[in-house]
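What follows is input_24.cif (mmCIF, C-alpha atoms).
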```cif
data_final
#
loop_
_atom_site.label_atom_id
_atom_site.label_comp_id
_atom_site.auth_asym_id
_atom_site.auth_seq_id
_atom_site.Cartn_x
_atom_site.Cartn_y
_atom_site.Cartn_z
CA MET A 1 0.00 0.00 0.00
CA PRO A 2 1.53 3.32 -1.00
CA LEU A 3 2.05 5.85 1.77
CA PRO A 4 -0.25 8.85 1.69
CA PRO A 5 1.76 12.01 1.01
CA ARG A 6 0.23 14.13 3.75
CA LEU A 7 -2.02 13.99 6.78
CA VAL A 8 -5.35 15.70 7.28
CA LEU A 9 -5.37 17.15 10.77
CA GLU A 10 -8.70 17.89 12.40
CA VAL A 11 -8.97 19.36 15.86
CA VAL A 12 -12.47 19.82 17.27
CA THR A 13 -13.61 20.97 20.71
CA PRO A 14 -17.16 21.07 22.05
CA ASP A 15 -17.30 24.72 20.99
CA HIS A 16 -15.92 24.70 17.50
CA ALA A 17 -13.62 23.15 14.95
CA VAL A 18 -10.18 24.60 15.64
CA VAL A 19 -8.04 23.15 12.87
CA ARG A 20 -8.76 21.43 9.61
CA GLU A 21 -5.66 21.40 7.49
CA GLU A 22 -3.30 19.27 5.45
CA VAL A 23 -0.05 18.83 7.28
CA ASP A 24 3.23 16.94 6.96
CA GLU A 25 3.78 15.98 10.59
CA VAL A 26 2.01 16.19 13.93
CA GLN A 27 3.13 15.78 17.50
CA LEU A 28 0.45 15.37 20.14
CA PRO A 29 0.30 14.82 23.90
CA GLY A 30 -0.95 11.26 24.44
CA VAL A 31 -1.50 9.89 27.94
CA ALA A 32 1.56 7.69 27.63
CA GLY A 33 3.76 10.47 26.30
CA TYR A 34 4.22 12.65 23.26
CA LEU A 35 3.51 10.98 19.93
CA GLY A 36 5.08 12.06 16.67
CA ILE A 37 2.92 11.15 13.71
CA LEU A 38 3.94 11.05 10.07
CA PRO A 39 1.79 10.07 7.09
CA GLY A 40 1.20 6.31 6.99
CA HIS A 41 1.08 5.89 10.76
CA THR A 42 -0.62 2.75 11.93
CA PRO A 43 -4.22 3.24 13.19
CA LEU A 44 -4.16 4.35 16.79
CA LEU A 45 -6.59 5.55 19.38
CA THR A 46 -5.35 7.35 22.46
CA SER A 47 -6.63 9.62 25.14
CA LEU A 48 -4.92 12.96 25.61
CA ARG A 49 -3.47 14.82 28.54
CA VAL A 50 -2.59 18.44 29.08
CA GLY A 51 0.22 19.44 26.77
CA GLN A 52 1.22 21.08 23.56
CA LEU A 53 0.55 19.94 20.06
CA TRP A 54 2.48 21.09 17.04
CA TYR A 55 2.02 20.43 13.39
CA ARG A 56 4.33 21.11 10.51
CA GLN A 57 3.47 22.27 7.01
CA GLY A 58 6.69 22.34 5.00
CA ALA A 59 9.13 24.19 7.20
CA GLU A 60 6.48 26.01 9.16
CA LYS A 61 5.48 24.79 12.60
CA ARG A 62 2.35 25.82 14.46
CA TYR A 63 1.55 25.25 18.11
CA LEU A 64 -1.64 24.53 20.05
CA ALA A 65 -2.34 24.10 23.73
CA ILE A 66 -4.35 20.92 24.32
CA ALA A 67 -6.12 19.55 27.37
CA PHE A 68 -7.82 16.16 27.59
CA GLY A 69 -9.91 14.34 25.07
CA PHE A 70 -9.11 11.70 22.51
CA ALA A 71 -7.11 11.36 19.33
CA GLU A 72 -7.73 8.98 16.50
CA VAL A 73 -4.91 8.35 14.05
CA GLN A 74 -5.34 6.80 10.65
CA PRO A 75 -2.70 6.55 7.91
CA ASP A 76 -3.96 9.69 6.19
CA ARG A 77 -5.81 11.41 9.01
CA VAL A 78 -5.46 12.63 12.58
CA ARG A 79 -8.59 13.58 14.48
CA LEU A 80 -8.51 15.19 17.90
CA LEU A 81 -11.54 15.48 20.15
CA ALA A 82 -10.11 17.83 22.73
CA GLN A 83 -11.72 19.41 25.75
CA VAL A 84 -9.59 22.47 25.22
CA ALA A 85 -7.60 23.44 22.13
CA GLU A 86 -6.19 26.89 21.65
CA ARG A 87 -4.01 28.20 18.89
CA ALA A 88 -0.83 29.84 20.09
CA GLU A 89 -1.80 33.12 18.44
CA GLU A 90 -5.09 33.21 20.31
CA ILE A 91 -3.71 32.82 23.80
CA ASP A 92 -3.89 35.81 26.09
CA VAL A 93 -0.55 35.61 27.89
CA ALA A 94 -1.44 38.08 30.61
CA ARG A 95 -4.54 36.09 31.49
CA ALA A 96 -2.63 32.82 31.44
CA GLU A 97 0.00 34.29 33.80
CA GLU A 98 -2.74 35.46 36.11
CA ARG A 99 -4.35 32.02 36.03
CA ARG A 100 -1.00 30.43 36.79
CA ARG A 101 -0.46 32.59 39.85
CA ARG A 102 -3.91 31.76 41.14
CA ALA A 103 -3.45 28.05 40.47
CA GLU A 104 -0.07 28.08 42.24
CA THR A 105 -1.53 29.50 45.41
CA ALA A 106 -4.42 27.05 45.16
CA VAL A 107 -2.03 24.10 44.86
CA GLN A 108 -0.04 25.31 47.84
CA ALA A 109 -3.18 25.80 49.87
CA ALA A 110 -4.39 22.32 48.97
CA ARG A 111 -1.01 20.76 49.80
CA SER A 112 -0.89 22.34 53.21
CA GLY A 113 -4.47 21.21 53.68
CA SER A 114 -5.49 24.60 54.99
CA ALA A 115 -8.26 25.28 52.50
CA ASP A 116 -10.96 23.07 51.15
CA ILE A 117 -9.52 22.83 47.65
CA ASP A 118 -9.31 19.84 45.39
CA LEU A 119 -5.57 19.31 44.83
CA GLU A 120 -6.07 17.42 41.60
CA ARG A 121 -8.15 20.19 40.06
CA ALA A 122 -5.76 22.88 41.17
CA ARG A 123 -2.85 20.90 39.75
CA ILE A 124 -4.61 20.50 36.42
CA SER A 125 -5.45 24.16 36.17
CA LEU A 126 -1.81 25.00 36.97
CA LEU A 127 -0.64 22.60 34.29
CA LYS A 128 -3.02 24.09 31.75
CA SER A 129 -1.84 27.62 32.39
CA ILE A 130 1.81 26.60 32.16
CA VAL A 131 1.22 24.88 28.83
CA ARG A 132 -0.64 27.94 27.57
CA ILE A 133 2.26 30.20 28.47
CA GLN A 134 4.78 27.86 26.83
CA VAL A 135 2.74 27.60 23.67
CA ALA A 136 2.24 31.35 23.48
CA ALA A 137 5.97 31.87 23.92
CA LYS A 138 6.65 29.56 20.97
CA ALA A 139 4.36 31.62 18.79
CA LYS A 140 6.19 34.80 19.72
CA LEU A 141 9.56 33.26 19.02
CA ARG A 142 8.45 32.51 15.50
CA GLY A 143 6.61 35.74 14.83
CA MET B 144 -69.48 55.11 20.77
CA PRO B 145 -66.00 55.61 22.24
CA SER B 146 -64.64 59.10 22.12
CA LEU B 147 -61.86 60.11 19.75
CA ILE B 148 -59.47 60.69 22.63
CA ASP B 149 -60.01 57.18 23.95
CA LEU B 150 -59.34 55.70 20.54
CA ARG B 151 -56.17 57.73 20.10
CA ARG B 152 -54.96 56.59 23.50
CA ARG B 153 -55.73 52.99 22.61
CA ILE B 154 -53.78 53.23 19.35
CA ARG B 155 -50.83 54.76 21.14
CA ALA B 156 -50.83 51.90 23.65
CA VAL B 157 -50.86 49.25 20.94
CA LYS B 158 -48.07 51.08 19.13
CA SER B 159 -45.81 51.07 22.16
CA THR B 160 -46.49 47.37 22.69
CA GLN B 161 -45.60 46.81 19.08
CA GLN B 162 -42.31 48.61 19.58
CA ILE B 163 -41.47 46.24 22.39
CA THR B 164 -42.37 43.12 20.44
CA LYS B 165 -40.40 44.40 17.49
CA ALA B 166 -37.35 45.00 19.64
CA MET B 167 -37.69 41.56 21.22
CA LYS B 168 -37.89 40.03 17.79
CA MET B 169 -34.70 41.75 16.71
CA ILE B 170 -32.89 40.66 19.85
CA ALA B 171 -34.08 37.08 19.44
CA ALA B 172 -32.97 37.12 15.80
CA SER B 173 -29.47 38.25 16.64
CA ARG B 174 -29.18 35.74 19.48
CA LEU B 175 -30.55 33.04 17.25
CA ARG B 176 -27.78 33.64 14.75
CA LYS B 177 -25.21 33.15 17.49
CA SER B 178 -26.80 30.09 19.05
CA GLN B 179 -27.38 28.53 15.66
CA GLU B 180 -23.72 28.94 14.89
CA ARG B 181 -22.82 27.28 18.18
CA ILE B 182 -24.96 24.23 17.59
CA VAL B 183 -23.55 23.85 14.09
CA ASN B 184 -20.04 24.13 15.51
CA ALA B 185 -20.76 21.58 18.21
CA ARG B 186 -22.09 18.90 15.88
CA PRO B 187 -18.73 17.67 14.53
CA TYR B 188 -17.53 16.99 18.07
CA ALA B 189 -20.69 15.09 18.98
CA ASN B 190 -20.61 13.03 15.79
CA GLU B 191 -16.93 12.19 16.15
CA THR B 192 -17.37 11.15 19.77
CA LEU B 193 -20.14 8.76 18.83
CA ARG B 194 -18.11 7.36 15.94
CA VAL B 195 -15.04 6.69 18.07
CA LEU B 196 -17.27 5.13 20.71
CA GLN B 197 -18.82 2.77 18.19
CA ASN B 198 -15.43 1.91 16.88
CA LEU B 199 -14.30 0.92 20.36
CA ALA B 200 -17.46 -0.92 21.29
CA SER B 201 -16.75 -3.59 18.72
CA ARG B 202 -13.49 -4.52 20.39
CA THR B 203 -14.34 -4.43 24.05
CA ASP B 204 -16.92 -6.17 26.12
CA PRO B 205 -19.52 -3.42 26.47
CA ASP B 206 -21.42 -5.37 29.12
CA ALA B 207 -18.59 -4.74 31.48
CA HIS B 208 -19.30 -1.04 31.81
CA PRO B 209 -21.85 0.18 34.37
CA LEU B 210 -23.19 2.93 32.11
CA LEU B 211 -24.46 0.30 29.68
CA ALA B 212 -26.12 -1.91 32.26
CA VAL B 213 -29.86 -2.13 31.73
CA ARG B 214 -31.80 -2.52 34.97
CA GLU B 215 -35.46 -2.86 35.73
CA GLU B 216 -36.85 0.65 35.81
CA ARG B 217 -38.05 1.31 39.31
CA ALA B 218 -36.69 4.84 39.64
CA ALA B 219 -36.05 7.35 36.92
CA LEU B 220 -34.38 10.72 36.68
CA VAL B 221 -35.92 13.16 34.23
CA VAL B 222 -33.79 16.09 33.11
CA ILE B 223 -36.04 18.87 31.86
CA ILE B 224 -34.58 21.72 29.83
CA THR B 225 -36.82 24.78 29.44
CA ALA B 226 -36.14 28.46 28.88
CA ASP B 227 -35.69 31.09 31.57
CA LYS B 228 -38.21 33.46 30.08
CA GLY B 229 -41.62 33.24 28.50
CA LEU B 230 -42.92 35.14 25.48
CA CYS B 231 -41.73 32.47 23.13
CA GLY B 232 -44.95 30.84 21.97
CA SER B 233 -45.60 27.31 23.13
CA PHE B 234 -41.92 26.53 23.72
CA ASN B 235 -42.17 26.01 27.47
CA THR B 236 -45.71 24.63 27.46
CA ASN B 237 -44.75 21.88 25.04
CA ILE B 238 -41.76 20.85 27.11
CA ILE B 239 -43.71 20.83 30.35
CA LYS B 240 -46.43 18.76 28.72
CA ALA B 241 -43.96 16.23 27.36
CA ALA B 242 -42.11 16.09 30.67
CA GLY B 243 -45.39 15.50 32.48
CA GLN B 244 -46.14 12.57 30.21
CA GLU B 245 -42.70 11.12 30.79
CA ILE B 246 -43.11 11.46 34.55
CA LEU B 247 -46.47 9.68 34.51
CA ALA B 248 -45.38 6.98 32.08
CA GLY B 249 -43.96 3.70 33.24
CA GLY B 250 -46.45 2.90 35.97
CA GLY B 251 -45.36 3.00 39.56
CA ARG B 252 -41.74 4.00 39.25
CA ARG B 253 -40.30 6.74 41.40
CA VAL B 254 -39.30 9.91 39.58
CA ALA B 255 -36.70 12.46 40.51
CA LEU B 256 -36.16 15.63 38.51
CA ALA B 257 -33.30 17.76 37.32
CA LEU B 258 -34.59 21.17 36.32
CA ILE B 259 -32.73 23.33 33.84
CA GLY B 260 -34.18 26.77 33.18
CA ARG B 261 -36.39 28.99 35.33
CA LYS B 262 -39.68 27.87 33.76
CA ALA B 263 -39.02 24.26 34.67
CA ARG B 264 -38.32 25.26 38.24
CA GLU B 265 -41.46 27.35 38.45
CA PHE B 266 -43.67 24.55 37.22
CA PHE B 267 -42.12 21.46 38.76
CA GLY B 268 -40.31 22.98 41.70
CA ARG B 269 -43.22 22.84 44.13
CA ARG B 270 -44.94 19.66 43.09
CA GLY B 271 -43.37 17.36 45.59
CA PHE B 272 -40.85 15.63 43.36
CA PRO B 273 -37.35 15.20 44.69
CA ILE B 274 -35.10 17.66 42.85
CA VAL B 275 -31.55 16.46 42.41
CA TYR B 276 -30.26 19.34 40.34
CA GLU B 277 -31.41 22.81 39.51
CA ARG B 278 -29.89 25.47 37.36
CA SER B 279 -31.16 28.51 35.50
CA HIS B 280 -30.07 31.82 33.97
CA PHE B 281 -27.08 30.54 32.09
CA PHE B 282 -28.31 30.12 28.52
CA GLN B 283 -26.73 33.44 27.57
CA HIS B 284 -23.23 32.14 28.17
CA LEU B 285 -23.37 28.37 27.99
CA ALA B 286 -20.10 26.62 28.68
CA PHE B 287 -19.19 22.99 28.28
CA ASP B 288 -18.60 22.80 32.02
CA ASP B 289 -22.32 23.41 32.57
CA ALA B 290 -23.10 20.32 30.53
CA ALA B 291 -20.38 18.40 32.33
CA ALA B 292 -21.94 19.28 35.69
CA ILE B 293 -25.37 18.04 34.61
CA ALA B 294 -23.87 14.88 33.12
CA ALA B 295 -21.94 14.24 36.33
CA VAL B 296 -25.16 14.37 38.34
CA ALA B 297 -26.89 12.02 35.89
CA ILE B 298 -24.01 9.55 35.96
CA GLU B 299 -23.79 9.63 39.73
CA GLU B 300 -27.51 9.07 40.22
CA TYR B 301 -27.37 6.20 37.78
CA CYS B 302 -24.26 4.53 39.11
CA GLU B 303 -25.31 4.86 42.74
CA GLY B 304 -28.54 3.09 41.82
CA ARG B 305 -30.81 5.98 42.78
CA ALA B 306 -32.07 6.04 39.21
CA ASP B 307 -32.39 3.10 36.84
CA ALA B 308 -32.78 5.32 33.81
CA VAL B 309 -32.11 8.94 32.97
CA TYR B 310 -34.26 10.80 30.46
CA LEU B 311 -33.58 14.08 28.77
CA VAL B 312 -36.51 16.26 27.69
CA TYR B 313 -35.64 19.25 25.53
CA ASN B 314 -36.59 21.22 22.44
CA GLU B 315 -34.67 20.33 19.34
CA PHE B 316 -33.85 23.06 16.88
CA LYS B 317 -35.09 21.71 13.56
CA SER B 318 -35.36 24.98 11.70
CA VAL B 319 -36.16 28.58 12.52
CA LEU B 320 -39.86 27.84 12.15
CA GLN B 321 -39.88 24.42 13.72
CA GLN B 322 -38.98 23.10 17.12
CA ARG B 323 -39.51 19.53 18.10
CA VAL B 324 -39.86 18.26 21.64
CA VAL B 325 -37.52 15.34 22.16
CA THR B 326 -37.60 12.80 24.97
CA GLU B 327 -34.36 10.92 24.89
CA LYS B 328 -32.96 8.15 27.03
CA LEU B 329 -29.59 9.36 28.24
CA LEU B 330 -28.73 6.42 30.48
CA PRO B 331 -28.27 3.54 30.21
CA ILE B 332 -26.58 4.24 26.90
CA GLU B 333 -28.55 2.28 24.36
CA ARG B 334 -26.71 -0.57 22.77
CA ARG B 335 -28.20 0.38 19.46
CA SER B 336 -26.15 3.57 19.22
CA VAL B 337 -23.07 1.77 20.43
CA ASP B 338 -23.39 -1.28 18.22
CA GLU B 339 -23.83 0.46 14.89
CA ALA B 340 -20.17 0.27 14.09
CA GLY B 341 -18.94 2.09 11.01
CA PRO B 342 -16.65 0.74 8.32
CA SER B 343 -13.53 1.88 10.16
CA ALA B 344 -14.23 -0.67 12.88
CA ARG B 345 -12.67 -3.37 10.78
CA VAL B 346 -9.25 -1.75 10.96
CA ASP B 347 -7.06 -2.98 13.76
CA TYR B 348 -6.16 -0.13 16.05
CA LEU B 349 -3.45 0.39 18.60
CA TYR B 350 -4.92 1.56 21.88
CA GLU B 351 -3.26 3.78 24.40
CA PRO B 352 -4.02 2.99 27.19
CA ASP B 353 -5.88 -0.28 26.58
CA ALA B 354 -9.25 -0.45 24.85
CA ALA B 355 -11.29 -1.10 27.99
CA THR B 356 -9.86 1.93 29.81
CA LEU B 357 -10.41 4.13 26.78
CA PHE B 358 -13.96 2.86 26.50
CA GLY B 359 -14.53 3.69 30.13
CA GLN B 360 -13.33 7.23 29.54
CA LEU B 361 -15.30 7.66 26.37
CA LEU B 362 -18.71 6.69 27.73
CA PRO B 363 -18.93 9.58 30.21
CA ALA B 364 -17.52 11.87 27.53
CA TYR B 365 -20.37 10.74 25.30
CA VAL B 366 -22.94 11.51 28.01
CA ARG B 367 -21.44 14.98 28.51
CA THR B 368 -21.54 15.62 24.79
CA GLU B 369 -25.18 14.56 24.57
CA VAL B 370 -26.16 16.93 27.37
CA TRP B 371 -24.12 19.69 25.77
CA ARG B 372 -25.85 19.16 22.46
CA ALA B 373 -29.27 19.21 24.14
CA LEU B 374 -28.45 22.49 25.89
CA LEU B 375 -27.32 24.11 22.66
CA GLU B 376 -30.32 22.76 20.75
CA SER B 377 -32.64 24.14 23.38
CA ALA B 378 -30.96 27.55 23.40
CA ALA B 379 -31.20 27.84 19.64
CA ALA B 380 -34.79 26.58 19.62
CA GLU B 381 -35.76 29.06 22.31
CA ASN B 382 -34.46 32.00 20.34
CA ALA B 383 -36.13 30.73 17.19
CA ALA B 384 -39.44 30.27 19.01
CA ARG B 385 -39.23 33.72 20.52
CA MET B 386 -38.41 35.28 17.19
CA THR B 387 -41.42 33.66 15.52
CA ALA B 388 -43.74 34.49 18.39
CA MET B 389 -42.63 38.11 18.49
CA ASP B 390 -42.88 38.41 14.73
CA ALA B 391 -46.49 37.21 14.93
CA ALA B 392 -47.18 39.63 17.78
CA THR B 393 -45.76 42.54 15.79
CA LYS B 394 -47.93 41.60 12.82
CA ASN B 395 -51.02 41.35 15.01
CA ALA B 396 -50.28 44.75 16.47
CA THR B 397 -50.05 46.25 12.98
CA GLU B 398 -53.41 44.73 12.12
CA MET B 399 -54.92 46.03 15.30
CA ILE B 400 -53.59 49.53 14.71
CA ASP B 401 -55.01 49.52 11.18
CA GLY B 402 -58.41 48.44 12.43
CA LEU B 403 -58.44 50.99 15.22
CA THR B 404 -57.31 53.79 12.91
CA LEU B 405 -60.10 52.99 10.48
CA TYR B 406 -62.64 52.98 13.28
CA MET B 407 -61.24 56.20 14.66
CA ASN B 408 -61.59 57.90 11.26
CA LYS B 409 -65.17 56.73 11.03
CA VAL B 410 -65.93 58.13 14.45
CA ARG B 411 -64.24 61.39 13.49
CA GLN B 412 -66.23 61.64 10.27
CA ALA B 413 -69.46 60.84 12.06
CA GLY B 414 -68.66 63.64 14.47
CA ILE B 415 -68.04 66.11 11.65
CA THR B 416 -71.22 65.05 9.85
CA ASN B 417 -73.13 65.57 13.04
CA GLU B 418 -71.72 69.03 13.45
CA ILE B 419 -72.60 69.97 9.86
CA ILE B 420 -76.15 68.71 10.37
CA GLU B 421 -76.37 70.79 13.47
CA VAL B 422 -75.08 73.90 11.67
CA VAL B 423 -77.42 73.36 8.70
CA SER B 424 -80.46 72.67 10.82
CA GLY B 425 -79.55 75.68 12.93
CA ALA B 426 -79.41 77.88 9.78
CA GLU B 427 -82.70 76.48 8.55
CA ALA B 428 -84.40 77.33 11.79
CA LEU B 429 -83.62 80.99 11.32
#
```
What would the structure in this file look like if it were written as structure tokens?
Amino acid sequence: MPLPPRLVLEVVTPDHAVVREEVDEVQLPGVAGYLGILPGHTPLLTSLRVGQLWYRQGAEKRYLAIAFGFAEVQPDRVRLLAQVAERAEEIDVARAEERRRRAETAVQAARSGSADIDLERARISLLKSIVRIQVAAKAKLRG
Amino acid sequence: MPSLIDLRRRIRAVKSTQQITKAMKMIAASRLRKSQERIVNARPYANETLRVLQNLASRTDPDAHPLLAVREERAALVVIITADKGLCGSFNTNIIKAAGQEILAGGGRRVALALIGRKAREFFGRRGFPIVYERSHFFQHLAFDDAAAIAAVAIEEYCEGRADAVYLVYNEFKSVLQQRVVTEKLLPIERRSVDEAGPSARVDYLYEPDAATLFGQLLPAYVRTEVWRALLESAAAENAARMTAMDAATKNATEMIDGLTLYMNKVRQAGITNEIIEVVSGAEAL
């Protein structure tokens, strides 16, 4: 079977379709670690964790912040059903920083057991904000 | 015969009502555009979730998962989605009627309610049913987390055995002119929707983590997505219903104003004729 030349990448969230493009390579945050996917990848189904996704078109790389959901990989197609997916260009860095500060204090409060805060949730929200900031930084680097 | 002043006042009153209905129609139309866009945007996610779920169902033992377990229906949870406000035709009435039927159906089972929207709370809130969840005034800025919260309640009630089935009653947005009341079984997830595997199911997949774990994660995700879709459908349908109702009200007001104006002119003319007769007969008497 000949290898397909490119991949169709689709990223959808409950709110809207974020990406629908032809790409050469994708890297996504699977539960068991980051997965690099090239055209002709064997069919795969994985759940996602909080992390960054990038895809490459020619020499150009684009970044997204991803949190939870599922990814389905077929030889010529990658579909992501993500809870959260934000393009690097769309991230508001100031807000993400603010969220990170709040999440940090929440995590500390939960660790010390002083406040009635769910540690797991605080940790996740901290992780999300950190990924957002990283992804946004990548976009700036390029632009 | 009413006096001219009374008629004028009446016409003015109808006109100001018409201005309100017209404004409400415009607002509903602009909100409808937004909510319609949202439901259209949400559909790919819902469809994909179902597809992936079906794909997985063919390679795991679906009986193993509690959300698929069919039990004898002795207690049911009915989730009712209405609007917060009225003035949208028979939108809320239809839902309340359908929900009432669902509550009474099924013989002697116990029924608990989850009420979404102020109208649902007003109608069912004081009728002695146990209320497990209640939420209103959030259709303006719906977020997926709202759906997740409702789904979490439904799943908990079901898994803890307090409900043997969960139903969802909402208005589906068919078109701007048509809303359809839908009563849908949310839990247990029907095998029919799970078993209809697509062509991709024949391909052998790698699973990360294993298929059973993934399946276990996907089922609640599917429930959340279904609730999310129902919320969006209802929001769009509400705006559509309000727009149509207010359009009809505006038209009726125009008709009423026309009728009243005609009548007023007749009264005015009759008055003038009377005066002329009086003048003429007065002149003749001289």
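Going from CA of Ser233 (chain B) to CA of Val366 (chain B) covers 28.1 Å.
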Compute the set of chain A residues within 8 Å of chain B, using all atoms listed in the file, and express it as a ChimeraX atom specification.
/A:12-17,30-32,42-47,72,81
Take the selection from the previous step and output its residues with C-alpha atoms, as a short mmCIF file (atom, residue, chain, number, x, y, z; two decimals), in the coordinates of the input.
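The new file part-v9.cif reads:
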```cif
data_model
loop_
_atom_site.label_atom_id
_atom_site.label_comp_id
_atom_site.auth_asym_id
_atom_site.auth_seq_id
_atom_site.Cartn_x
_atom_site.Cartn_y
_atom_site.Cartn_z
CA VAL A 12 -12.47 19.82 17.27
CA THR A 13 -13.61 20.97 20.71
CA PRO A 14 -17.16 21.07 22.05
CA ASP A 15 -17.30 24.72 20.99
CA HIS A 16 -15.92 24.70 17.50
CA ALA A 17 -13.62 23.15 14.95
CA GLY A 30 -0.95 11.26 24.44
CA VAL A 31 -1.50 9.89 27.94
CA ALA A 32 1.56 7.69 27.63
CA THR A 42 -0.62 2.75 11.93
CA PRO A 43 -4.22 3.24 13.19
CA LEU A 44 -4.16 4.35 16.79
CA LEU A 45 -6.59 5.55 19.38
CA THR A 46 -5.35 7.35 22.46
CA SER A 47 -6.63 9.62 25.14
CA GLU A 72 -7.73 8.98 16.50
CA LEU A 81 -11.54 15.48 20.15
#
```
Identify, on the basis of only C-alpha atoms, every residue whose closest approach to Leu64 (chain A) does not exceed 10 Å; exclude the query and any residue fewer than 5 positions from it along the same chain; express the result as JSON, numbers by chain.
{"A": [11, 18, 19, 28, 51, 52, 53, 54, 55, 84, 85, 86, 87, 88, 89, 90, 91, 131, 132, 134, 135, 136, 138, 139]}
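Counting only C-alpha atoms, the residue from B:Ala396, B:Leu429, B:Val410, B:Ile259 that sits nearest to Lys158 (chain B) is B:Ala396.
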Asp307 (chain B): which residues within 12 Å, counting all atoms listed in the file, same-chain residues fewer than 3 positions away excluded, as a VMD selection string?
chain B and resid 209 to 221 252 to 255 297 to 304 310 328 to 332
Pull out every residue that the PyMOL selection byres ((chain A and resi 58) around 9) matches in the shown coordinates and put them as a list in words.
Val23, Asp24, Glu25, Arg56, Gln57, Ala59, Glu60 and Lys61 of chain A
Step by step, work through what the PyMOL selection byres ((chain A and resi 99) around 12) selects in the shown file, and finish by giving those residues as a ChimeraX atom specification.
/A:92-98,100-106,122-133
How far is it from CA of Phe68 (chain A) to CA of Gly113 (chain A), in Å with one decimal?
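Separating CA of Phe68 (chain A) from CA of Gly113 (chain A) is a distance of 26.8 Å.
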Running the PyMOL selection byres ((chain B and resi 313-322) around 8) on this model by hand, what would come out? Give it as a list in words.
Ile223, Ile224, Thr225, Phe234, Ile238, Leu311, Val312, Arg323, Val324, Val325, Thr326, Ala373, Leu374, Glu376, Ser377, Ala379, Ala380, Glu381, Ala383, Ala384 and Thr387 of chain B
Mind filling out region 355-366 of chain B with N, CA, C and O atoms and sending it as a PDB file, keeping the file's coordinate frame?
```pdb
ATOM      1  N   ALA B 355     -10.250  -1.150  26.948  1.00  0.00           N
ATOM      2  CA  ALA B 355     -11.290  -1.100  27.990  1.00  0.00           C
ATOM      3  C   ALA B 355     -11.219   0.217  28.749  1.00  0.00           C
ATOM      4  O   ALA B 355     -12.246   0.844  29.032  1.00  0.00           O
ATOM      5  N   THR B 356     -10.016   0.658  29.088  1.00  0.00           N
ATOM      6  CA  THR B 356      -9.860   1.930  29.810  1.00  0.00           C
ATOM      7  C   THR B 356     -10.370   3.080  28.955  1.00  0.00           C
ATOM      8  O   THR B 356     -11.097   3.958  29.424  1.00  0.00           O
ATOM      9  N   LEU B 357      -9.979   3.073  27.697  1.00  0.00           N
ATOM     10  CA  LEU B 357     -10.410   4.130  26.780  1.00  0.00           C
ATOM     11  C   LEU B 357     -11.936   4.164  26.693  1.00  0.00           C
ATOM     12  O   LEU B 357     -12.550   5.223  26.735  1.00  0.00           O
ATOM     13  N   PHE B 358     -12.500   2.980  26.596  1.00  0.00           N
ATOM     14  CA  PHE B 358     -13.960   2.860  26.500  1.00  0.00           C
ATOM     15  C   PHE B 358     -14.610   3.465  27.731  1.00  0.00           C
ATOM     16  O   PHE B 358     -15.578   4.211  27.641  1.00  0.00           O
ATOM     17  N   GLY B 359     -14.024   3.159  28.873  1.00  0.00           N
ATOM     18  CA  GLY B 359     -14.530   3.690  30.130  1.00  0.00           C
ATOM     19  C   GLY B 359     -14.449   5.195  30.210  1.00  0.00           C
ATOM     20  O   GLY B 359     -15.261   5.843  30.854  1.00  0.00           O
ATOM     21  N   GLN B 360     -13.440   5.770  29.542  1.00  0.00           N
ATOM     22  CA  GLN B 360     -13.330   7.230  29.540  1.00  0.00           C
ATOM     23  C   GLN B 360     -14.276   7.851  28.527  1.00  0.00           C
ATOM     24  O   GLN B 360     -14.779   8.949  28.702  1.00  0.00           O
ATOM     25  N   LEU B 361     -14.491   7.113  27.451  1.00  0.00           N
ATOM     26  CA  LEU B 361     -15.300   7.660  26.370  1.00  0.00           C
ATOM     27  C   LEU B 361     -16.791   7.711  26.698  1.00  0.00           C
ATOM     28  O   LEU B 361     -17.486   8.623  26.286  1.00  0.00           O
ATOM     29  N   LEU B 362     -17.278   6.723  27.446  1.00  0.00           N
ATOM     30  CA  LEU B 362     -18.710   6.690  27.730  1.00  0.00           C
ATOM     31  C   LEU B 362     -19.187   7.948  28.475  1.00  0.00           C
ATOM     32  O   LEU B 362     -20.140   8.579  28.046  1.00  0.00           O
ATOM     33  N   PRO B 363     -18.515   8.324  29.576  1.00  0.00           N
ATOM     34  CA  PRO B 363     -18.930   9.580  30.210  1.00  0.00           C
ATOM     35  C   PRO B 363     -18.762  10.775  29.287  1.00  0.00           C
ATOM     36  O   PRO B 363     -19.597  11.696  29.300  1.00  0.00           O
ATOM     37  N   ALA B 364     -17.735  10.760  28.472  1.00  0.00           N
ATOM     38  CA  ALA B 364     -17.520  11.870  27.530  1.00  0.00           C
ATOM     39  C   ALA B 364     -18.708  11.954  26.572  1.00  0.00           C
ATOM     40  O   ALA B 364     -19.179  13.037  26.225  1.00  0.00           O
ATOM     41  N   TYR B 365     -19.213  10.778  26.201  1.00  0.00           N
ATOM     42  CA  TYR B 365     -20.370  10.740  25.300  1.00  0.00           C
ATOM     43  C   TYR B 365     -21.597  11.326  25.994  1.00  0.00           C
ATOM     44  O   TYR B 365     -22.350  12.101  25.396  1.00  0.00           O
ATOM     45  N   VAL B 366     -21.793  10.973  27.262  1.00  0.00           N
ATOM     46  CA  VAL B 366     -22.940  11.510  28.010  1.00  0.00           C
ATOM     47  C   VAL B 366     -22.850  13.027  28.101  1.00  0.00           C
ATOM     48  O   VAL B 366     -23.821  13.746  27.881  1.00  0.00           O
TER      49      VAL B 366
END
```
